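Notes for the one structure printed next.
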Amino acid sequence: MKCQFTGLVAWRVQRISAIYMLLFFLYMLSALWLHPWPTYVEWRGWVRRPSISVAILIFFAALLSHMWVGLRDVLLDYARPESLRWFLLAVLGTSLFGAAAWIVWLLLQVQK
Amino acid sequence: MPKSLRPVFLNLTQIQMPVGALTSIGHRFTGVLLALGLPFGLYLFYLSLKSEETFATMMGWLSHPAIHGLATILVWALAHHLLAGVRHLLTDINVGSTLHSARRSAWLVNLSALAIALIASGVLL
């Protein structure tokens with residue numbers, strides 16, 4: 001199987017997603033620092049703001065692709081025999097796609 | 001033909017890991033830990049947005065000792081993974097690559113992650 005999401009591409013994805021998530025965390029931490037323990041209405045209102053929803057969506061896209069690269073490396077290092085490795089990689093890929101779909105659904109629900 | 005010396009038996013308890021190796025394997029270990037925590041994190045995110053009641057229930061869970069302990073472990077994992085990752089990114093651009101500074105930053109990462117976990121544990125209590 002030839003996968004485009006390996007090698008230098010994977011390396012770059014890992015770095016770029018890491019930097020985005022780092023900035024996102026710093027932003028979240030400073031927001032929580034300025035306004036700790038938000039109420040439900042404040043929290044939901046914040047999440048459904050279009051700019052924040054998009055930022056959260058990008059965050060999860062970064063997180064899931066970062067997880068693919070990292071967990072793929074782990075499976076390539078430890079999962080033997082090869083058939084088990086392919087099976088686990090398939091399970092991983094399916095789970096990540098499932099998580100992505102669920103997050104999109106959740107963020108669309110919040111917009112209502 | 002000389003007798004093969006393989007397989008080599010490695011006694012893991014006898015291997016002394018340098019501090020950089022601890023940071024490195026810690027980066028991988030915490031990455032897997034965070035991945036295992038993601039389903040729970042997503043579920044909490046869902047509950048926090050579903051309704052006022054589920055939001056309150058979720059916030060109430062944080063005071064439960066078992067959840068509090070788990071949250072502290074995940075905060076440690078996140079802190080370690082993030083700091084070790086930044087160390088990695090700096091190494092990519094050749095900052096802190098000498099043995100001396102790499103060892104120093106490895107100590108800094110390992111200890112700061114623990115400190116952050118302790119502080120977070122106190123704040124969440």
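We name chains A, B, ... following the order of the structure tokens; residues begin at 1 in each chain, and ligands are numbered from 1 as shown.
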
With stretch 62-85 of chain A as the partner and 9 Å as the cut-off, tabulate the residues of stretch 21-118 of chain B that qualify, each row holding the nearest pair of atoms and their distance in Å to one decimal, using only C-alpha atoms, sorted by chain and rising number, as CSV.
residue,atom,partner,partner_atom,distance
B:Arg28,CA,A:Val74,CA,7.9
B:Gly31,CA,A:Gly70,CA,7.5
B:Val32,CA,A:Leu71,CA,7.2
B:Ala35,CA,A:Met67,CA,7.1

Chain B contacts on chain A, only C-alpha atoms, 9 Å, as a PDB file with N, CA and C atoms, in the first residue's frame:
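Saved to iface37.pdb:
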ATOM      1  N   ARG A  15       4.818  18.532  12.762  1.00  0.00           N
ATOM      2  CA  ARG A  15       5.350  19.806  13.267  1.00  0.00           C
ATOM      3  C   ARG A  15       4.317  20.930  13.185  1.00  0.00           C
ATOM      4  N   ALA A  18       1.556  20.464  15.589  1.00  0.00           N
ATOM      5  CA  ALA A  18       2.044  20.700  16.952  1.00  0.00           C
ATOM      6  C   ALA A  18       2.068  22.195  17.261  1.00  0.00           C
ATOM      7  N   ILE A  19       2.546  22.980  16.312  1.00  0.00           N
ATOM      8  CA  ILE A  19       2.646  24.428  16.557  1.00  0.00           C
ATOM      9  C   ILE A  19       1.251  25.040  16.669  1.00  0.00           C
ATOM     10  N   LEU A  22      -0.149  24.113  20.016  1.00  0.00           N
ATOM     11  CA  LEU A  22       0.545  24.868  21.066  1.00  0.00           C
ATOM     12  C   LEU A  22      -0.047  26.271  21.193  1.00  0.00           C
ATOM     13  N   THR A  39     -19.836  29.885  33.103  1.00  0.00           N
ATOM     14  CA  THR A  39     -21.106  29.172  33.245  1.00  0.00           C
ATOM     15  C   THR A  39     -21.402  28.452  31.933  1.00  0.00           C
ATOM     16  N   TYR A  40     -22.463  27.625  31.969  1.00  0.00           N
ATOM     17  CA  TYR A  40     -22.827  26.873  30.759  1.00  0.00           C
ATOM     18  C   TYR A  40     -23.136  27.812  29.595  1.00  0.00           C
ATOM     19  N   VAL A  41     -23.921  28.864  29.876  1.00  0.00           N
ATOM     20  CA  VAL A  41     -24.336  29.787  28.817  1.00  0.00           C
ATOM     21  C   VAL A  41     -23.116  30.498  28.212  1.00  0.00           C
ATOM     22  N   TRP A  43     -19.978  29.416  28.258  1.00  0.00           N
ATOM     23  CA  TRP A  43     -19.148  28.407  27.587  1.00  0.00           C
ATOM     24  C   TRP A  43     -19.693  28.066  26.206  1.00  0.00           C
ATOM     25  N   ARG A  44     -21.012  27.771  26.162  1.00  0.00           N
ATOM     26  CA  ARG A  44     -21.642  27.412  24.895  1.00  0.00           C
ATOM     27  C   ARG A  44     -21.605  28.592  23.921  1.00  0.00           C
ATOM     28  N   VAL A  47     -18.123  28.792  22.479  1.00  0.00           N
ATOM     29  CA  VAL A  47     -17.805  27.724  21.520  1.00  0.00           C
ATOM     30  C   VAL A  47     -18.510  27.969  20.181  1.00  0.00           C
ATOM     31  N   MET A  67      -2.166  12.697  15.742  1.00  0.00           N
ATOM     32  CA  MET A  67      -2.318  11.360  16.337  1.00  0.00           C
ATOM     33  C   MET A  67      -2.016  10.278  15.321  1.00  0.00           C
ATOM     34  N   GLY A  70       1.833  10.038  15.019  1.00  0.00           N
ATOM     35  CA  GLY A  70       2.461   9.513  16.231  1.00  0.00           C
ATOM     36  C   GLY A  70       2.122   8.057  16.482  1.00  0.00           C
ATOM     37  N   LEU A  71       0.844   7.724  16.397  1.00  0.00           N
ATOM     38  CA  LEU A  71       0.434   6.350  16.695  1.00  0.00           C
ATOM     39  C   LEU A  71       0.869   5.392  15.588  1.00  0.00           C
ATOM     40  N   VAL A  74       4.304   4.463  16.455  1.00  0.00           N
ATOM     41  CA  VAL A  74       4.308   3.492  17.547  1.00  0.00           C
ATOM     42  C   VAL A  74       3.974   2.095  17.018  1.00  0.00           C
ATOM     43  N   ALA A  99     -13.933   9.812  14.737  1.00  0.00           N
ATOM     44  CA  ALA A  99     -13.843  10.929  15.682  1.00  0.00           C
ATOM     45  C   ALA A  99     -14.037  12.253  14.951  1.00  0.00           C
ATOM     46  N   ILE A 103     -16.949  15.045  15.682  1.00  0.00           N
ATOM     47  CA  ILE A 103     -16.627  16.419  16.086  1.00  0.00           C
ATOM     48  C   ILE A 103     -17.338  17.420  15.175  1.00  0.00           C
ATOM     49  N   LEU A 106     -20.893  17.486  16.206  1.00  0.00           N
ATOM     50  CA  LEU A 106     -21.049  18.180  17.484  1.00  0.00           C
ATOM     51  C   LEU A 106     -21.001  19.696  17.292  1.00  0.00           C
ATOM     52  N   GLN A 109     -24.146  20.912  15.727  1.00  0.00           N
ATOM     53  CA  GLN A 109     -25.237  20.925  16.708  1.00  0.00           C
ATOM     54  C   GLN A 109     -25.214  22.208  17.536  1.00  0.00           C
ATOM     55  N   VAL A 110     -24.000  22.622  17.895  1.00  0.00           N
ATOM     56  CA  VAL A 110     -23.851  23.807  18.746  1.00  0.00           C
ATOM     57  C   VAL A 110     -24.320  25.062  18.022  1.00  0.00           C
TER      58      VAL A 110
END

Among listed residues A:Trp86, A:Phe60, A:Phe97, A:Trp46, nearest A:Gln111 (using only C-alpha atoms): A:Trp46
